[in-house]
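Quick look at entry08.csv (CSV, C-alpha atoms):
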```csv
chain,number,residue,atom,x,y,z
W,672,MET,CA,53.3,89.7,42.5
W,673,ASP,CA,56.0,88.9,45.0
W,674,SER,CA,55.3,89.8,48.5
W,675,VAL,CA,57.8,90.7,51.3
W,676,ARG,CA,57.2,89.1,54.7
W,677,SER,CA,56.6,91.8,57.3
W,678,ASP,CA,56.4,89.4,60.2
W,679,THR,CA,60.1,88.7,60.6
W,680,ALA,CA,61.5,89.4,64.1
W,681,PRO,CA,63.9,92.3,64.5
W,682,VAL,CA,67.5,91.6,65.3
W,683,PRO,CA,67.9,92.1,69.1
W,684,GLN,CA,70.4,94.7,70.4
W,685,ALA,CA,73.4,92.8,71.9
W,686,LEU,CA,75.2,94.0,75.0
W,687,LYS,CA,78.5,92.5,76.0
W,688,ILE,CA,79.6,92.1,79.6
W,689,LEU,CA,82.9,90.7,80.8
W,690,VAL,CA,83.3,88.6,84.0
W,691,ALA,CA,86.9,88.9,85.2
W,692,GLY,CA,88.9,88.2,88.3
W,693,GLY,CA,91.6,86.0,89.7
W,694,PHE,CA,92.2,82.3,89.2
W,695,GLY,CA,89.5,80.3,91.0
W,696,ALA,CA,87.3,83.3,91.9
W,697,GLY,CA,84.2,81.6,90.4
W,698,LYS,CA,83.8,83.2,87.0
W,699,THR,CA,82.8,80.0,85.2
W,700,THR,CA,80.3,79.3,88.0
W,701,LEU,CA,78.8,82.8,87.7
W,702,VAL,CA,78.3,82.6,83.9
W,703,GLY,CA,76.8,79.1,84.3
W,704,ALA,CA,74.4,80.2,87.1
W,705,VAL,CA,72.7,82.9,85.1
W,706,SER,CA,73.0,81.8,81.4
W,707,GLU,CA,69.8,80.7,79.7
W,708,ILE,CA,71.7,78.5,77.4
W,709,ALA,CA,74.2,75.8,78.3
W,710,PRO,CA,77.3,77.9,78.7
W,711,LEU,CA,80.3,77.5,76.4
W,712,ARG,CA,83.2,76.6,78.6
W,713,THR,CA,86.9,76.1,77.7
W,714,GLU,CA,87.9,74.3,80.9
W,715,GLU,CA,90.9,72.1,80.9
W,716,VAL,CA,92.3,69.9,83.6
W,717,LEU,CA,95.2,71.3,85.7
W,718,THR,CA,98.3,69.3,85.1
W,719,THR,CA,101.8,69.1,86.4
W,720,ALA,CA,102.8,71.4,83.6
W,721,GLY,CA,101.3,74.2,85.5
W,722,VAL,CA,103.3,73.5,88.7
W,723,GLY,CA,105.4,76.6,89.4
W,724,THR,CA,103.3,78.7,86.9
W,725,ASP,CA,99.8,78.4,88.4
W,726,ASP,CA,99.4,79.6,92.0
W,727,THR,CA,96.8,77.4,93.7
W,728,THR,CA,97.2,79.0,97.1
W,729,GLY,CA,93.7,79.2,98.6
W,730,VAL,CA,92.2,77.1,95.8
W,731,ALA,CA,94.1,73.8,96.2
W,732,THR,CA,91.1,71.7,95.5
W,733,LYS,CA,90.6,73.3,92.1
W,734,THR,CA,91.1,70.8,89.3
W,735,THR,CA,90.3,72.7,86.1
W,736,THR,CA,90.9,76.1,84.6
W,737,THR,CA,89.5,78.3,81.9
W,738,VAL,CA,92.0,78.5,79.0
W,739,ALA,CA,90.1,80.8,76.6
W,740,MET,CA,86.7,82.0,77.9
W,741,ASP,CA,83.3,81.2,79.2
W,742,PHE,CA,80.2,82.3,77.2
W,743,GLY,CA,76.6,82.7,78.3
W,744,ARG,CA,73.5,84.5,77.1
W,745,ILE,CA,70.6,86.2,78.8
W,746,THR,CA,67.6,87.4,76.8
W,747,ILE,CA,66.1,90.4,78.6
W,748,ASN,CA,63.3,90.8,76.0
W,749,PRO,CA,63.0,90.1,72.3
W,750,SER,CA,64.9,93.3,71.4
W,751,LEU,CA,67.7,93.1,74.1
W,752,VAL,CA,70.2,90.3,74.8
W,753,LEU,CA,73.2,90.2,77.2
W,754,TYR,CA,76.2,88.2,76.2
W,755,LEU,CA,78.5,87.2,79.1
W,756,PHE,CA,82.2,86.5,78.5
W,757,GLY,CA,84.2,85.1,81.3
W,758,THR,CA,87.9,85.8,81.1
W,759,PRO,CA,90.6,83.3,82.0
W,760,GLY,CA,92.0,84.1,85.4
W,761,GLN,CA,95.6,83.0,85.1
W,762,ASN,CA,98.3,85.4,84.0
W,763,ARG,CA,99.5,83.2,81.1
W,764,PHE,CA,96.1,83.7,79.4
W,765,TRP,CA,95.7,87.4,79.9
W,766,PHE,CA,96.7,88.1,76.2
W,767,LEU,CA,93.1,87.1,75.4
W,768,TRP,CA,91.6,89.9,77.5
W,769,ASP,CA,92.0,92.6,74.8
W,770,GLU,CA,90.0,90.6,72.3
W,771,LEU,CA,87.3,89.7,74.8
W,772,ALA,CA,87.0,93.3,76.1
W,773,THR,CA,86.4,94.8,72.6
W,774,GLY,CA,82.9,96.3,72.5
W,775,ALA,CA,82.1,95.5,76.2
W,776,LEU,CA,79.5,97.6,77.9
W,777,GLY,CA,81.2,96.9,81.3
W,778,ALA,CA,82.6,94.3,83.5
W,779,VAL,CA,82.1,92.4,86.7
W,780,VAL,CA,85.3,91.9,88.7
W,781,LEU,CA,84.6,88.8,90.7
W,782,ALA,CA,86.7,88.9,93.9
W,783,ASP,CA,87.6,86.0,96.2
W,784,THR,CA,88.6,87.2,99.7
W,785,ARG,CA,90.9,84.2,100.0
W,786,ARG,CA,93.0,85.7,97.2
W,787,LEU,CA,91.9,89.4,97.2
W,788,ALA,CA,95.2,90.6,95.7
W,789,ASP,CA,94.3,88.6,92.5
W,790,SER,CA,91.6,91.3,91.8
W,791,PHE,CA,94.1,94.1,91.3
W,792,ALA,CA,95.0,93.1,87.8
W,793,ALA,CA,91.4,93.1,86.6
W,794,ILE,CA,90.6,96.4,88.4
W,795,ASP,CA,93.7,98.0,86.8
W,796,TYR,CA,92.8,96.7,83.4
W,797,PHE,CA,89.3,98.2,83.4
W,798,GLU,CA,90.4,101.5,85.1
W,799,GLN,CA,93.1,102.0,82.4
W,800,ARG,CA,90.6,101.5,79.6
W,801,ASN,CA,87.8,103.5,81.2
W,802,THR,CA,85.6,100.5,81.2
W,803,PRO,CA,82.8,100.7,83.8
W,804,PHE,CA,82.9,97.8,86.3
W,805,VAL,CA,81.5,96.6,89.6
W,806,ILE,CA,83.2,94.4,92.2
W,807,ALA,CA,81.3,91.4,93.2
W,808,VAL,CA,82.7,89.6,96.3
W,809,ASN,CA,82.0,85.9,95.9
W,810,CYS,CA,81.0,84.6,99.3
W,811,PHE,CA,82.0,81.0,99.4
W,812,ASP,CA,80.6,78.5,102.0
W,813,ASN,CA,82.4,78.7,105.4
W,814,ASP,CA,84.7,81.5,104.2
W,815,GLN,CA,85.4,84.5,106.3
W,816,ARG,CA,83.2,87.3,105.0
W,817,TYR,CA,84.3,90.9,105.0
W,818,THR,CA,82.1,93.9,104.8
W,819,VAL,CA,81.7,95.9,101.6
W,820,GLU,CA,83.6,98.7,103.2
W,821,GLN,CA,86.5,96.5,104.2
W,822,VAL,CA,86.8,95.1,100.6
W,823,ARG,CA,86.5,98.6,99.1
W,824,GLU,CA,89.3,99.8,101.4
W,825,ALA,CA,91.5,96.8,100.7
W,826,LEU,CA,91.1,97.1,96.9
W,827,ASP,CA,91.4,100.9,97.1
W,828,VAL,CA,88.6,101.6,94.6
W,829,ASP,CA,86.8,104.9,94.1
W,830,GLY,CA,83.6,105.5,96.0
W,831,HIS,CA,81.5,105.5,92.8
W,832,VAL,CA,82.4,101.9,91.9
W,833,PRO,CA,79.8,99.6,93.3
W,834,VAL,CA,81.0,96.8,95.6
W,835,LEU,CA,78.6,94.1,96.5
W,836,LEU,CA,78.4,90.6,98.0
W,837,THR,CA,77.2,87.7,95.9
W,838,ASP,CA,77.1,84.0,95.6
W,839,ALA,CA,78.2,83.0,92.1
W,840,ARG,CA,76.2,79.8,92.3
W,841,ASP,CA,72.9,81.6,92.9
W,842,ARG,CA,71.0,82.9,89.8
W,843,MET,CA,69.2,85.7,91.6
W,844,SER,CA,72.4,86.9,93.3
W,845,VAL,CA,74.2,87.0,90.0
W,846,LYS,CA,71.2,88.8,88.3
W,847,ASN,CA,71.5,91.4,91.0
W,848,VAL,CA,75.2,91.9,90.2
W,849,LEU,CA,74.4,92.3,86.5
W,850,ILE,CA,71.6,94.8,87.2
W,851,THR,CA,73.9,96.8,89.4
W,852,LEU,CA,76.5,96.9,86.6
W,853,VAL,CA,74.0,98.1,84.0
W,854,GLU,CA,72.7,100.7,86.4
W,855,HIS,CA,76.3,101.8,87.1
W,856,VAL,CA,77.0,102.1,83.4
W,857,LEU,CA,73.8,104.2,82.9
W,858,THR,CA,74.7,106.5,85.8
W,859,MET,CA,78.2,107.0,84.4
W,860,VAL,CA,76.9,107.8,80.9
W,861,ARG,CA,74.5,110.3,82.3
W,862,SER,CA,77.0,112.0,84.5
W,863,SER,CA,80.1,111.5,82.2
W,864,VAL,CA,82.2,110.3,85.2
W,865,PRO,CA,85.3,108.4,84.0
W,866,ALA,CA,85.3,104.7,84.8
```

Is it possible to give me this structure as structure tokens?
Amino acid sequence: MDSVRSDTAPVPQALKILVAGGFGAGKTTLVGAVSEIAPLRTEEVLTTAGVGTDDTTGVATKTTTTVAMDFGRITINPSLVLYLFGTPGQNRFWFLWDELATGALGAVVLADTRRLADSFAAIDYFEQRNTPFVIAVNCFDNDQRYTVEQVREALDVDGHVPVLLTDARDRMSVKNVLITLVEHVLTMVRSSVPA
């Protein structure tokens, strides 16, 4: 008599989270800091072909850019896995965002106070699609820091959208951002508040 194995592990529930923001905000760094696997990166060297197209104001020392996506994974428990997808930050790669956003639970908008206006595109994108998001202000070394209230006012986001300070290089700081996002999504689902 043939027997069926009953000890196979169940397929985990997958949750997809986007990490978006402007060019040079730290999205690749954030995904790498928290991923349990070596992250998939589609980084390419900035070349003279981007001169006049890519605005490097405030990030003049940046030498690479994401041309498709970053990908990382976090296993919460055997039945729940978070997949992180970092979007490209440059305007010329925004056509990829719709594909990356399909099925996403929510998003982290990573803001760089040196180039805060670069956050507006991501905020508008998620607001228009009713995708829950949080704003994480990446606090770089020796950079002028603003209060959460100052950033909220500058970005003109609704009071129910969490805004928090983070360090994209620090695993625990990034985990706090992701926990805040998941809590925000749950709160919105329970209260049926539009994103």

In Å to one decimal, how far is CA of Leu836 in chain W from CA of Arg785 in chain W? 14.2 Å

Using CA of Cys810 in chain W and CA of Ile708 in chain W as the two end points, give the distance in Å to one decimal. 24.6 Å

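The space separating CA of Ala775 in chain W from CA of Gly693 in chain W comes to 19.0 Å.
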
Counting only C-alpha atoms, which of W:Ala782, W:Ala691, W:Val828, W:Met859 gets nearest to Arg816 in chain W? W:Ala782

Counting all atoms listed in the file, what is within 12 Å of Lys846 in chain W, bar same-chain residues fewer than 5 positions away, as a CSV table (one decimal) with C-alpha atoms, in the frame of the given file?
```
chain,number,residue,atom,x,y,z
W,701,LEU,CA,78.8,82.8,87.7
W,702,VAL,CA,78.3,82.6,83.9
W,703,GLY,CA,76.8,79.1,84.3
W,704,ALA,CA,74.4,80.2,87.1
W,705,VAL,CA,72.7,82.9,85.1
W,706,SER,CA,73.0,81.8,81.4
W,707,GLU,CA,69.8,80.7,79.7
W,745,ILE,CA,70.6,86.2,78.8
W,747,ILE,CA,66.1,90.4,78.6
W,753,LEU,CA,73.2,90.2,77.2
W,755,LEU,CA,78.5,87.2,79.1
W,779,VAL,CA,82.1,92.4,86.7
W,807,ALA,CA,81.3,91.4,93.2
W,837,THR,CA,77.2,87.7,95.9
W,838,ASP,CA,77.1,84.0,95.6
W,839,ALA,CA,78.2,83.0,92.1
W,840,ARG,CA,76.2,79.8,92.3
W,841,ASP,CA,72.9,81.6,92.9
W,851,THR,CA,73.9,96.8,89.4
W,852,LEU,CA,76.5,96.9,86.6
W,853,VAL,CA,74.0,98.1,84.0
```

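Closest to Tyr754 in chain W among W:Trp768, W:Phe742, W:Phe797, W:Phe694 is W:Phe742, based on all atoms listed in the file.
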
Considering all atoms listed in the file, can you say which of W:Pro759, W:Pro710, W:Gly830, W:Pro681 comes closest to Ala793 in chain W? W:Pro759

Within 10 Å of range 821-826 of chain W, counting all atoms listed in the file, which residues show up once you throw out same-chain ones fewer than 2 positions away? Write them as an mmCIF file with C-alpha atoms, in the coordinates of the input, please.
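result.cif, freshly written:
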```cif
data_model
loop_
_atom_site.group_PDB
_atom_site.id
_atom_site.type_symbol
_atom_site.label_atom_id
_atom_site.label_comp_id
_atom_site.auth_asym_id
_atom_site.auth_seq_id
_atom_site.Cartn_x
_atom_site.Cartn_y
_atom_site.Cartn_z
ATOM 1 C CA ALA W 782 86.700 88.900 93.900
ATOM 2 C CA THR W 784 88.600 87.200 99.700
ATOM 3 C CA LEU W 787 91.900 89.400 97.200
ATOM 4 C CA ALA W 788 95.200 90.600 95.700
ATOM 5 C CA SER W 790 91.600 91.300 91.800
ATOM 6 C CA PHE W 791 94.100 94.100 91.300
ATOM 7 C CA ILE W 794 90.600 96.400 88.400
ATOM 8 C CA ILE W 806 83.200 94.400 92.200
ATOM 9 C CA ALA W 807 81.300 91.400 93.200
ATOM 10 C CA VAL W 808 82.700 89.600 96.300
ATOM 11 C CA ARG W 816 83.200 87.300 105.000
ATOM 12 C CA TYR W 817 84.300 90.900 105.000
ATOM 13 C CA THR W 818 82.100 93.900 104.800
ATOM 14 C CA VAL W 819 81.700 95.900 101.600
ATOM 15 C CA VAL W 828 88.600 101.600 94.600
ATOM 16 C CA ASP W 829 86.800 104.900 94.100
ATOM 17 C CA GLY W 830 83.600 105.500 96.000
ATOM 18 C CA VAL W 832 82.400 101.900 91.900
ATOM 19 C CA PRO W 833 79.800 99.600 93.300
ATOM 20 C CA VAL W 834 81.000 96.800 95.600
ATOM 21 C CA LEU W 835 78.600 94.100 96.500
ATOM 22 C CA LEU W 836 78.400 90.600 98.000
#
```

Minimum-distance residue to Arg744 in chain W, chosen among W:Leu776, W:Val805, W:Ala709, W:Val848 (using all atoms listed in the file): W:Ala709

Among W:Leu857, W:Ile850, W:Val682, W:Leu781, Gly695 in chain W is approached most closely, using only C-alpha atoms, by W:Leu781

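Distances to Lys698 in chain W were evaluated for W:Thr773, W:Gly743, W:Val856, W:Ser862 using all atoms listed in the file, and the minimum falls at W:Gly743.
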